[in-house]
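*Asks:* Got a file for you: entry_12.cif, mmCIF, C-alpha atoms.
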data_protein
#
loop_
_atom_site.label_atom_id
_atom_site.label_comp_id
_atom_site.auth_asym_id
_atom_site.auth_seq_id
_atom_site.Cartn_x
_atom_site.Cartn_y
_atom_site.Cartn_z
CA MET K 1 -53.13 -14.61 -11.40
CA HIS K 2 -56.67 -13.90 -10.21
CA GLN K 3 -55.78 -15.06 -6.70
CA LYS K 4 -52.74 -12.76 -6.72
CA LEU K 5 -54.94 -9.89 -7.89
CA GLU K 6 -57.41 -10.41 -5.06
CA ALA K 7 -54.65 -10.77 -2.44
CA THR K 8 -52.83 -7.64 -3.61
CA THR K 9 -56.04 -5.61 -3.72
CA GLU K 10 -57.01 -6.77 -0.24
CA TYR K 11 -53.58 -5.81 1.15
CA ILE K 12 -53.86 -2.30 -0.33
CA ARG K 13 -57.42 -1.84 0.94
CA LYS K 14 -56.25 -2.63 4.48
CA LYS K 15 -53.58 0.06 4.13
CA ILE K 16 -55.81 2.80 2.67
CA GLY K 17 -59.00 2.13 4.65
CA ASP K 18 -62.19 3.48 3.08
CA PHE K 19 -60.33 5.56 0.47
CA GLU K 20 -61.71 4.55 -2.96
CA PRO K 21 -59.96 6.15 -5.96
CA GLU K 22 -62.01 7.36 -8.91
CA VAL K 23 -59.09 8.00 -11.27
CA GLY K 24 -55.91 6.05 -11.95
CA ILE K 25 -52.76 7.74 -13.27
CA ILE K 26 -49.58 6.20 -14.68
CA LEU K 27 -46.65 8.64 -14.72
CA GLY K 28 -43.99 8.05 -17.36
CA THR K 29 -40.24 8.55 -17.56
CA GLY K 30 -39.22 11.90 -16.07
CA LEU K 31 -42.86 12.82 -15.44
CA GLY K 32 -43.35 12.07 -11.73
CA GLY K 33 -43.69 15.72 -10.72
CA LEU K 34 -47.49 15.61 -10.86
CA VAL K 35 -47.28 13.92 -7.47
CA ASP K 36 -46.24 17.30 -6.01
CA GLU K 37 -49.75 18.58 -6.88
CA ILE K 38 -51.53 15.73 -5.08
CA GLU K 39 -52.82 16.06 -1.52
CA ILE K 40 -51.33 12.73 -0.47
CA GLN K 41 -53.25 10.58 1.99
CA HIS K 42 -51.41 7.28 1.55
CA SER K 43 -48.12 6.29 -0.08
CA LEU K 44 -47.09 2.65 -0.57
CA LEU K 45 -43.75 1.43 -1.88
CA TYR K 46 -44.09 -1.11 -4.68
CA ALA K 47 -41.60 -3.25 -2.77
CA ASP K 48 -43.99 -3.51 0.19
CA ILE K 49 -47.03 -4.58 -1.85
CA PRO K 50 -47.44 -8.37 -2.30
CA ASP K 51 -46.82 -9.56 -5.89
CA PHE K 52 -46.39 -5.96 -7.09
CA PRO K 53 -43.52 -5.66 -9.60
CA ILE K 54 -40.71 -3.24 -8.70
CA SER K 55 -39.30 -0.72 -11.17
CA THR K 56 -35.61 -1.39 -11.85
CA LEU K 57 -34.92 2.14 -13.16
CA GLU K 58 -33.15 4.60 -10.89
CA PHE K 59 -35.24 7.50 -12.24
CA HIS K 60 -38.57 5.77 -11.43
CA SER K 61 -39.63 6.15 -7.79
CA GLY K 62 -41.75 3.01 -7.42
CA LYS K 63 -44.57 4.34 -5.24
CA LEU K 64 -48.33 3.96 -5.32
CA ILE K 65 -49.75 7.35 -4.29
CA PHE K 66 -53.33 7.84 -3.00
CA GLY K 67 -54.73 11.33 -2.59
CA MET K 68 -56.81 14.23 -3.89
CA LEU K 69 -56.25 16.27 -7.05
CA SER K 70 -58.69 18.73 -8.61
CA GLY K 71 -61.34 17.55 -6.16
CA LYS K 72 -61.10 13.88 -7.19
CA LYS K 73 -59.80 10.84 -5.35
CA LEU K 74 -57.02 9.18 -7.30
CA VAL K 75 -54.26 6.60 -7.26
CA ALA K 76 -51.05 7.39 -9.12
CA MET K 77 -48.21 5.09 -10.13
CA GLN K 78 -45.07 7.13 -9.56
CA GLY K 79 -42.85 4.97 -11.70
CA ARG K 80 -44.03 2.59 -14.40
CA LEU K 81 -42.76 -0.76 -15.61
CA HIS K 82 -41.34 -1.67 -19.00
CA TYR K 83 -40.94 -4.85 -21.02
CA TYR K 84 -37.23 -4.12 -21.53
CA GLU K 85 -36.66 -4.35 -17.76
CA GLY K 86 -37.22 -8.10 -18.06
CA TYR K 87 -40.82 -8.30 -16.84
CA ASP K 88 -43.42 -10.16 -18.83
CA MET K 89 -46.52 -8.37 -20.08
CA LYS K 90 -48.76 -9.72 -17.33
CA GLU K 91 -46.45 -8.32 -14.67
CA ILE K 92 -46.28 -4.92 -16.39
CA THR K 93 -50.05 -4.61 -16.56
CA PHE K 94 -50.86 -6.16 -13.17
CA PRO K 95 -50.99 -2.69 -11.50
CA VAL K 96 -53.70 -1.57 -13.96
CA GLN K 97 -55.86 -4.52 -12.96
CA VAL K 98 -55.24 -3.70 -9.30
CA MET K 99 -56.30 -0.08 -9.81
CA LYS K 100 -59.48 -1.23 -11.54
CA MET K 101 -60.24 -3.59 -8.64
CA LEU K 102 -59.71 -0.67 -6.25
CA GLY K 103 -62.50 1.23 -8.02
CA ILE K 104 -61.03 3.57 -10.63
CA GLN K 105 -63.40 4.64 -13.40
CA LYS K 106 -60.88 6.34 -15.71
CA LEU K 107 -57.20 5.72 -16.50
CA LEU K 108 -54.87 8.57 -17.43
CA VAL K 109 -51.46 7.63 -18.84
CA SER K 110 -48.38 9.73 -19.58
CA ASN K 111 -45.13 8.86 -21.30
CA ALA K 112 -42.00 10.32 -22.85
CA SER K 113 -41.64 9.52 -26.53
CA GLY K 114 -39.75 10.46 -29.68
CA ALA K 115 -41.31 12.58 -32.41
CA LEU K 116 -41.67 10.97 -35.85
CA ASN K 117 -44.02 13.49 -37.46
CA PRO K 118 -41.84 16.21 -39.03
CA GLU K 119 -44.34 18.86 -37.91
CA TYR K 120 -43.66 18.01 -34.25
CA ARG K 121 -40.79 19.29 -32.13
CA LYS K 122 -39.20 18.10 -28.89
CA GLY K 123 -40.93 19.74 -25.95
CA ASP K 124 -44.34 19.48 -27.66
CA LEU K 125 -47.20 17.41 -26.25
CA MET K 126 -49.16 14.77 -28.14
CA ILE K 127 -52.52 13.39 -27.03
CA ILE K 128 -52.71 9.81 -28.31
CA HIS K 129 -55.81 8.99 -30.38
CA ASP K 130 -54.64 5.59 -31.66
CA HIS K 131 -51.66 3.26 -31.44
CA ILE K 132 -49.64 0.63 -33.28
CA ASN K 133 -48.38 -2.28 -31.20
CA MET K 134 -44.89 -3.37 -32.31
CA GLN K 135 -44.03 -5.12 -29.06
CA SER K 136 -43.34 -8.83 -29.23
CA ASP K 137 -45.92 -10.02 -26.69
CA ASN K 138 -49.45 -9.27 -25.58
CA PRO K 139 -50.63 -9.02 -21.94
CA LEU K 140 -53.82 -10.93 -22.78
CA ARG K 141 -52.01 -13.98 -24.15
CA GLY K 142 -52.92 -17.15 -22.28
CA ARG K 143 -56.08 -18.21 -20.48
CA ASN K 144 -58.64 -15.41 -20.31
CA SER K 145 -60.30 -14.31 -17.06
CA GLU K 146 -63.94 -13.71 -17.99
CA SER K 147 -64.44 -11.86 -14.70
CA LEU K 148 -62.08 -9.14 -16.01
CA GLY K 149 -63.12 -8.99 -19.66
CA PRO K 150 -63.86 -10.85 -22.92
CA ARG K 151 -61.51 -13.23 -24.71
CA PHE K 152 -61.34 -10.95 -27.79
CA PRO K 153 -61.73 -7.33 -26.63
CA ASP K 154 -62.63 -4.70 -29.21
CA MET K 155 -59.94 -2.09 -29.91
CA SER K 156 -61.73 0.17 -32.39
CA GLU K 157 -61.54 3.03 -29.87
CA PRO K 158 -58.66 2.39 -27.44
CA TYR K 159 -58.56 6.04 -26.36
CA ASP K 160 -61.73 7.78 -25.22
CA ARG K 161 -62.92 10.38 -27.74
CA ASP K 162 -64.59 12.57 -25.14
CA LEU K 163 -61.43 12.69 -23.02
CA ILE K 164 -59.33 13.48 -26.10
CA SER K 165 -61.66 16.37 -27.00
CA LYS K 166 -61.52 17.73 -23.46
CA GLY K 167 -57.74 17.44 -23.41
CA MET K 168 -57.32 19.31 -26.69
CA ASP K 169 -59.70 22.06 -25.52
CA ILE K 170 -57.67 22.45 -22.31
CA ALA K 171 -54.44 22.72 -24.32
CA LYS K 172 -55.95 25.44 -26.53
CA ARG K 173 -57.29 27.40 -23.56
CA ASN K 174 -53.84 27.37 -21.99
CA HIS K 175 -52.04 28.14 -25.27
CA LEU K 176 -50.07 24.89 -25.12
CA ARG K 177 -48.54 23.38 -28.26
CA CYS K 178 -50.31 20.00 -28.34
CA HIS K 179 -51.04 17.57 -31.17
CA GLN K 180 -53.25 14.53 -31.67
CA GLY K 181 -51.40 11.56 -33.05
CA VAL K 182 -50.66 7.85 -33.36
CA TYR K 183 -48.22 6.29 -30.90
CA VAL K 184 -46.18 3.21 -31.78
CA SER K 185 -44.81 1.04 -28.98
CA VAL K 186 -41.56 -0.93 -29.43
CA ASN K 187 -39.63 -3.25 -27.11
CA GLY K 188 -36.57 -1.08 -26.46
CA PRO K 189 -34.39 -0.32 -24.63
CA ASN K 190 -32.26 0.97 -27.51
CA LEU K 191 -33.42 3.95 -29.51
CA GLU K 192 -34.15 3.43 -33.20
CA THR K 193 -31.92 3.47 -36.27
CA ARG K 194 -32.54 5.85 -39.15
CA ALA K 195 -34.16 3.04 -41.14
CA GLU K 196 -36.39 2.09 -38.22
CA TYR K 197 -37.55 5.68 -37.69
CA ARG K 198 -38.31 5.91 -41.41
CA PHE K 199 -40.26 2.61 -41.31
CA LEU K 200 -42.31 3.61 -38.25
CA ARG K 201 -43.26 6.89 -39.90
CA ILE K 202 -44.25 5.10 -43.13
CA ILE K 203 -46.64 2.77 -41.28
CA GLY K 204 -48.46 5.74 -39.76
CA ALA K 205 -46.87 6.58 -36.42
CA ASP K 206 -46.42 10.14 -35.18
CA ALA K 207 -44.38 9.25 -32.06
CA VAL K 208 -42.51 6.22 -30.76
CA GLY K 209 -42.00 4.91 -27.23
CA MET K 210 -41.48 1.77 -25.15
CA SER K 211 -44.58 1.70 -22.94
CA THR K 212 -48.30 2.56 -22.66
CA VAL K 213 -49.80 0.13 -25.19
CA PRO K 214 -49.75 -2.94 -22.88
CA GLU K 215 -51.48 -0.96 -20.10
CA VAL K 216 -54.05 0.39 -22.54
CA ILE K 217 -54.83 -3.08 -23.90
CA VAL K 218 -55.50 -4.37 -20.39
CA ALA K 219 -57.55 -1.29 -19.48
CA ARG K 220 -59.76 -1.70 -22.52
CA HIS K 221 -60.10 -5.42 -21.78
CA MET K 222 -61.76 -4.28 -18.54
CA SER K 223 -63.83 -1.58 -20.33
CA LEU K 224 -61.85 1.17 -18.60
CA PRO K 225 -61.83 4.51 -20.52
CA VAL K 226 -58.30 5.73 -21.26
CA PHE K 227 -56.65 9.10 -21.88
CA ALA K 228 -52.96 9.10 -22.83
CA ILE K 229 -50.54 11.95 -23.43
CA SER K 230 -46.91 11.98 -24.59
CA VAL K 231 -44.19 14.51 -23.89
CA LEU K 232 -42.01 14.52 -27.01
CA THR K 233 -38.45 14.45 -25.71
CA ASP K 234 -36.43 13.87 -28.88
CA GLU K 235 -36.79 13.94 -32.66
CA GLY K 236 -36.53 10.77 -34.76
CA PHE K 237 -36.20 12.43 -38.15
CA PRO K 238 -33.98 10.13 -40.30
CA ASP K 239 -32.43 12.81 -42.52
CA THR K 240 -31.32 15.02 -39.61
CA LEU K 241 -30.89 12.39 -36.90
CA LYS K 242 -28.47 13.22 -34.10
CA PRO K 243 -27.31 11.17 -31.10
CA VAL K 244 -29.39 11.68 -27.96
CA SER K 245 -28.61 10.80 -24.34
CA LEU K 246 -30.85 9.79 -21.46
CA GLU K 247 -29.84 12.99 -19.67
CA GLU K 248 -31.15 15.08 -22.58
CA ILE K 249 -34.42 13.11 -22.68
CA LEU K 250 -34.98 13.57 -18.94
CA GLN K 251 -34.17 17.28 -19.17
CA ILE K 252 -36.72 17.88 -21.94
CA ALA K 253 -39.29 15.85 -19.97
CA ARG K 254 -38.72 18.00 -16.87
CA GLU K 255 -39.05 21.20 -18.87
CA ALA K 256 -42.28 20.10 -20.58
CA GLU K 257 -43.81 18.47 -17.54
CA PRO K 258 -45.64 21.58 -16.21
CA LYS K 259 -47.59 21.76 -19.48
CA MET K 260 -48.63 18.12 -19.22
CA THR K 261 -49.51 18.58 -15.55
CA GLN K 262 -51.79 21.51 -16.43
CA ILE K 263 -53.72 19.38 -18.92
CA LEU K 264 -54.08 16.45 -16.53
CA LYS K 265 -55.16 18.64 -13.59
CA ASP K 266 -57.80 20.45 -15.64
CA LEU K 267 -58.97 17.20 -17.24
CA ILE K 268 -59.45 15.57 -13.83
CA LEU K 269 -61.44 18.62 -12.73
CA GLU K 270 -63.81 18.10 -15.68
CA LEU K 271 -64.37 14.38 -15.12
#
Would you write the structure of this file as structure tokens?
*Replies:*
Amino acid sequence: MHQKLEATTEYIRKKIGDFEPEVGIILGTGLGGLVDEIEIQHSLLYADIPDFPISTLEFHSGKLIFGMLSGKKLVAMQGRLHYYEGYDMKEITFPVQVMKMLGIQKLLVSNASGALNPEYRKGDLMIIHDHINMQSDNPLRGRNSESLGPRFPDMSEPYDRDLISKGMDIAKRNHLRCHQGVYVSVNGPNLETRAEYRFLRIIGADAVGMSTVPEVIVARHMSLPVFAISVLTDEGFPDTLKPVSLEEILQIAREAEPKMTQILKDLILEL
């Protein structure tokens, strides 16, 4: 794996020259529009990058974007990877390790998720301040690479408190409805049953999704500060649960995306 990491990083460096990103961004389902705000200098298809996994979802673009945003150099994953696509956890999180090797100092993550907290509504934003991992594997399982991080990384603060505070201040300044909450990550790809939504709420989750936690674990393994934000695209309230389609989820994500983009742009400016 370490040899693959070095080879992939070297390939990308040859393509982007002396461009060294300061910030890494992972754009979630239906949330690729932030790329329109970036002054793009380089764009690489996942399919052209050695050992880089390729998104199998038709609504994920699968591009690694290098450019400027809010005066900072960044690399953005336009299209993320999920466990339910059939990849293992090491493949899903490989791009995070690559971004770290390329020089990023902060990782910003977005996702679409379902609201569990009855005070939340679809279309709201939630800045993640903690998570519960309900996925059936861990990206750090197996032999540890001491050059990347320790065997037993601490997870007492998976999301950076200073970045959370800045993000909440930005939301208030822009009059955006934004919460702080706990995100629970499940395997997917099916949505949850009434009983499962009820269980996830009982154990302390405010929103549920199928991503983010593996990437955050690997980022923290490498001592990389993380900021994560969810667009709440549906409501998992057991007593009033209604069927929801992918089309509805993507529509809500598109409608809420400008609010998320505002927070990320302003946050990058303050880094």
*Asks:* Enumerate, as an MDAnalysis selection string, the residues matched when the PyMOL selection byres ((chain K and resi 110) around 8) is run on the file above.
*Replies:* chainID K and resid 25:28 31 108:109 111:112 212 228:231
*Asks:* On this structure, which residues satisfy the PyMOL selection byres ((chain K and resi 129-144) around 9), written as a PDB file with C-alpha atoms, in the frame of the given file?
*Replies:*
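Now in part37.pdb:
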ATOM      1  CA  TYR K  83     -40.940  -4.850 -21.020  1.00  0.00           C
ATOM      2  CA  ASP K  88     -43.420 -10.160 -18.830  1.00  0.00           C
ATOM      3  CA  MET K  89     -46.520  -8.370 -20.080  1.00  0.00           C
ATOM      4  CA  LYS K  90     -48.760  -9.720 -17.330  1.00  0.00           C
ATOM      5  CA  GLU K  91     -46.450  -8.320 -14.670  1.00  0.00           C
ATOM      6  CA  ILE K  92     -46.280  -4.920 -16.390  1.00  0.00           C
ATOM      7  CA  THR K  93     -50.050  -4.610 -16.560  1.00  0.00           C
ATOM      8  CA  ILE K 127     -52.520  13.390 -27.030  1.00  0.00           C
ATOM      9  CA  ILE K 128     -52.710   9.810 -28.310  1.00  0.00           C
ATOM     10  CA  SER K 145     -60.300 -14.310 -17.060  1.00  0.00           C
ATOM     11  CA  GLU K 146     -63.940 -13.710 -17.990  1.00  0.00           C
ATOM     12  CA  SER K 147     -64.440 -11.860 -14.700  1.00  0.00           C
ATOM     13  CA  LEU K 148     -62.080  -9.140 -16.010  1.00  0.00           C
ATOM     14  CA  GLY K 149     -63.120  -8.990 -19.660  1.00  0.00           C
ATOM     15  CA  PRO K 150     -63.860 -10.850 -22.920  1.00  0.00           C
ATOM     16  CA  ARG K 151     -61.510 -13.230 -24.710  1.00  0.00           C
ATOM     17  CA  SER K 156     -61.730   0.170 -32.390  1.00  0.00           C
ATOM     18  CA  GLU K 157     -61.540   3.030 -29.870  1.00  0.00           C
ATOM     19  CA  PRO K 158     -58.660   2.390 -27.440  1.00  0.00           C
ATOM     20  CA  TYR K 159     -58.560   6.040 -26.360  1.00  0.00           C
ATOM     21  CA  ASP K 160     -61.730   7.780 -25.220  1.00  0.00           C
ATOM     22  CA  ARG K 161     -62.920  10.380 -27.740  1.00  0.00           C
ATOM     23  CA  ILE K 164     -59.330  13.480 -26.100  1.00  0.00           C
ATOM     24  CA  GLN K 180     -53.250  14.530 -31.670  1.00  0.00           C
ATOM     25  CA  GLY K 181     -51.400  11.560 -33.050  1.00  0.00           C
ATOM     26  CA  VAL K 182     -50.660   7.850 -33.360  1.00  0.00           C
ATOM     27  CA  TYR K 183     -48.220   6.290 -30.900  1.00  0.00           C
ATOM     28  CA  VAL K 184     -46.180   3.210 -31.780  1.00  0.00           C
ATOM     29  CA  SER K 185     -44.810   1.040 -28.980  1.00  0.00           C
ATOM     30  CA  VAL K 186     -41.560  -0.930 -29.430  1.00  0.00           C
ATOM     31  CA  ASN K 187     -39.630  -3.250 -27.110  1.00  0.00           C
ATOM     32  CA  GLY K 188     -36.570  -1.080 -26.460  1.00  0.00           C
ATOM     33  CA  ILE K 203     -46.640   2.770 -41.280  1.00  0.00           C
ATOM     34  CA  GLY K 204     -48.460   5.740 -39.760  1.00  0.00           C
ATOM     35  CA  ALA K 205     -46.870   6.580 -36.420  1.00  0.00           C
ATOM     36  CA  MET K 210     -41.480   1.770 -25.150  1.00  0.00           C
ATOM     37  CA  VAL K 213     -49.800   0.130 -25.190  1.00  0.00           C
ATOM     38  CA  PRO K 214     -49.750  -2.940 -22.880  1.00  0.00           C
ATOM     39  CA  GLU K 215     -51.480  -0.960 -20.100  1.00  0.00           C
ATOM     40  CA  ILE K 217     -54.830  -3.080 -23.900  1.00  0.00           C
ATOM     41  CA  VAL K 218     -55.500  -4.370 -20.390  1.00  0.00           C
ATOM     42  CA  HIS K 221     -60.100  -5.420 -21.780  1.00  0.00           C
ATOM     43  CA  PHE K 227     -56.650   9.100 -21.880  1.00  0.00           C
ATOM     44  CA  ALA K 228     -52.960   9.100 -22.830  1.00  0.00           C
TER      45      ALA K 228
END
*Asks:* Go ahead and fit an axis-aligned box to every listed atom of stretch 191-195 of chain K plus 5 Å each side, and pass me the centre and edge lengths in Å, one decimal, as lines of an AutoDock Vina configuration file.
*Replies:*
center_x = -33.0
center_y = 4.4
center_z = -35.3
size_x = 12.2
size_y = 12.8
size_z = 21.6
*Asks:* If we count only C-alpha atoms, what is near stretch 119-122 of chain K at a cut-off of 6 Å, once residues fewer than 5 positions away on the same chain are taken out, given as a list in words?
*Replies:*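 Result of the neighbour search: Leu232, Thr233 and Asp234 of chain K.
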*Asks:* Mind pulling up the distance from atom CA of K:Leu81 to atom CA of K:Val216?
*Replies:*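 Taking atom CA of K:Val216 as the start and atom CA of K:Leu81 as the end point, the length is 13.3 Å.
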*Asks:* Extract, using all atoms listed in the file, all DNA, RNA and protein residues at most 9 Å from K:Gly67, discarding same-chain residues fewer than 2 positions from it, and format them as a PDB file with C-alpha atoms, in the coordinates of the input.
*Replies:*
ATOM      1  CA  PHE K  19     -60.330   5.560   0.470  1.00  0.00           C
ATOM      2  CA  PRO K  21     -59.960   6.150  -5.960  1.00  0.00           C
ATOM      3  CA  ILE K  38     -51.530  15.730  -5.080  1.00  0.00           C
ATOM      4  CA  GLU K  39     -52.820  16.060  -1.520  1.00  0.00           C
ATOM      5  CA  ILE K  40     -51.330  12.730  -0.470  1.00  0.00           C
ATOM      6  CA  GLN K  41     -53.250  10.580   1.990  1.00  0.00           C
ATOM      7  CA  HIS K  42     -51.410   7.280   1.550  1.00  0.00           C
ATOM      8  CA  SER K  43     -48.120   6.290  -0.080  1.00  0.00           C
ATOM      9  CA  ILE K  65     -49.750   7.350  -4.290  1.00  0.00           C
ATOM     10  CA  LEU K  69     -56.250  16.270  -7.050  1.00  0.00           C
ATOM     11  CA  LYS K  72     -61.100  13.880  -7.190  1.00  0.00           C
ATOM     12  CA  LYS K  73     -59.800  10.840  -5.350  1.00  0.00           C
ATOM     13  CA  LEU K  74     -57.020   9.180  -7.300  1.00  0.00           C
ATOM     14  CA  VAL K  75     -54.260   6.600  -7.260  1.00  0.00           C
ATOM     15  CA  ALA K  76     -51.050   7.390  -9.120  1.00  0.00           C
TER      16      ALA K  76
END
*Asks:* Step by step: start from the point (-30.8, 7.2, -25.3) in the file's coordinates, keep every protein, DNA or RNA residue that has an atom no farther than 7 Å from it, count all atoms listed in the file, and write the set as number ranges by chain.
*Replies:* K: 190-191, 244-246
*Asks:* Could you state the separation of atom CA of K:Asp18 and atom CA of K:Lys4 in Å, given to one decimal place?
*Replies:*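 Atom CA of K:Lys4 lies at a distance of 21.2 Å from atom CA of K:Asp18.
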*Asks:* At what distance in Å, to one decimal, does atom CA of K:Val98 lie from atom CA of K:Ile12?
*Replies:*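 We find that atom CA of K:Ile12 and atom CA of K:Val98 lie 9.2 Å from each other.
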*Asks:* Looking at all atoms listed in the file, which of K:Ser55, K:Glu255, K:Leu44, K:Asp124 is the one that sits closest to K:Lys15?
*Replies:*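 With all atoms listed in the file as the atom set, the closest residue is K:Leu44.
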*Asks:* Given the choices K:His2, K:Lys166, K:Lys106, K:Arg177, which gets closest to K:Asp51 if the distance is worked out from all atoms listed in the file?
*Replies:*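 Selected residue with least distance to K:Asp51: K:His2.
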*Asks:* Considering all atoms listed in the file, state which residue in the set K:Val226, K:Leu250, K:Leu269, K:Leu200 is at the smallest distance from K:Pro238.
*Replies:*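 The closest residue to K:Pro238 is K:Leu200.
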*Asks:* Looking at K:Leu64, K:Ile54, K:Asp206, K:Phe199, which one is nearest to K:Met99, with distances taken over only C-alpha atoms?
*Replies:*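 For K:Met99, the nearest of the given residues is K:Leu64.
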*Asks:* Run the PyMOL selection byres ((chain K and resi 262) around 10) mentally over the shown coordinates, then write out the matched residues as a PDB file with C-alpha atoms, in the frame of the given file, using the chain letters and numbers from the document.
*Replies:*
ATOM      1  CA  LEU K  34     -47.490  15.610 -10.860  1.00  0.00           C
ATOM      2  CA  ILE K 170     -57.670  22.450 -22.310  1.00  0.00           C
ATOM      3  CA  ALA K 171     -54.440  22.720 -24.320  1.00  0.00           C
ATOM      4  CA  ASN K 174     -53.840  27.370 -21.990  1.00  0.00           C
ATOM      5  CA  LEU K 176     -50.070  24.890 -25.120  1.00  0.00           C
ATOM      6  CA  GLU K 257     -43.810  18.470 -17.540  1.00  0.00           C
ATOM      7  CA  PRO K 258     -45.640  21.580 -16.210  1.00  0.00           C
ATOM      8  CA  LYS K 259     -47.590  21.760 -19.480  1.00  0.00           C
ATOM      9  CA  MET K 260     -48.630  18.120 -19.220  1.00  0.00           C
ATOM     10  CA  THR K 261     -49.510  18.580 -15.550  1.00  0.00           C
ATOM     11  CA  ILE K 263     -53.720  19.380 -18.920  1.00  0.00           C
ATOM     12  CA  LEU K 264     -54.080  16.450 -16.530  1.00  0.00           C
ATOM     13  CA  LYS K 265     -55.160  18.640 -13.590  1.00  0.00           C
ATOM     14  CA  ASP K 266     -57.800  20.450 -15.640  1.00  0.00           C
ATOM     15  CA  LEU K 267     -58.970  17.200 -17.240  1.00  0.00           C
TER      16      LEU K 267
END
*Asks:* Choose the residue, out of K:Tyr11, K:Phe237, K:Gln3, K:Gly17, that has the smallest atom-to-atom separation from K:Ile202; count only C-alpha atoms.
*Replies:*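 That would be K:Phe237, the residue with the smallest distance to K:Ile202.
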*Asks:* I'd like to know which of K:Phe94, K:Glu37, K:Met126, K:Thr29 is closest to K:Met1, using all atoms listed in the file.
*Replies:*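 Once distances to K:Met1 are computed over all atoms listed in the file, the minimum belongs to K:Phe94.
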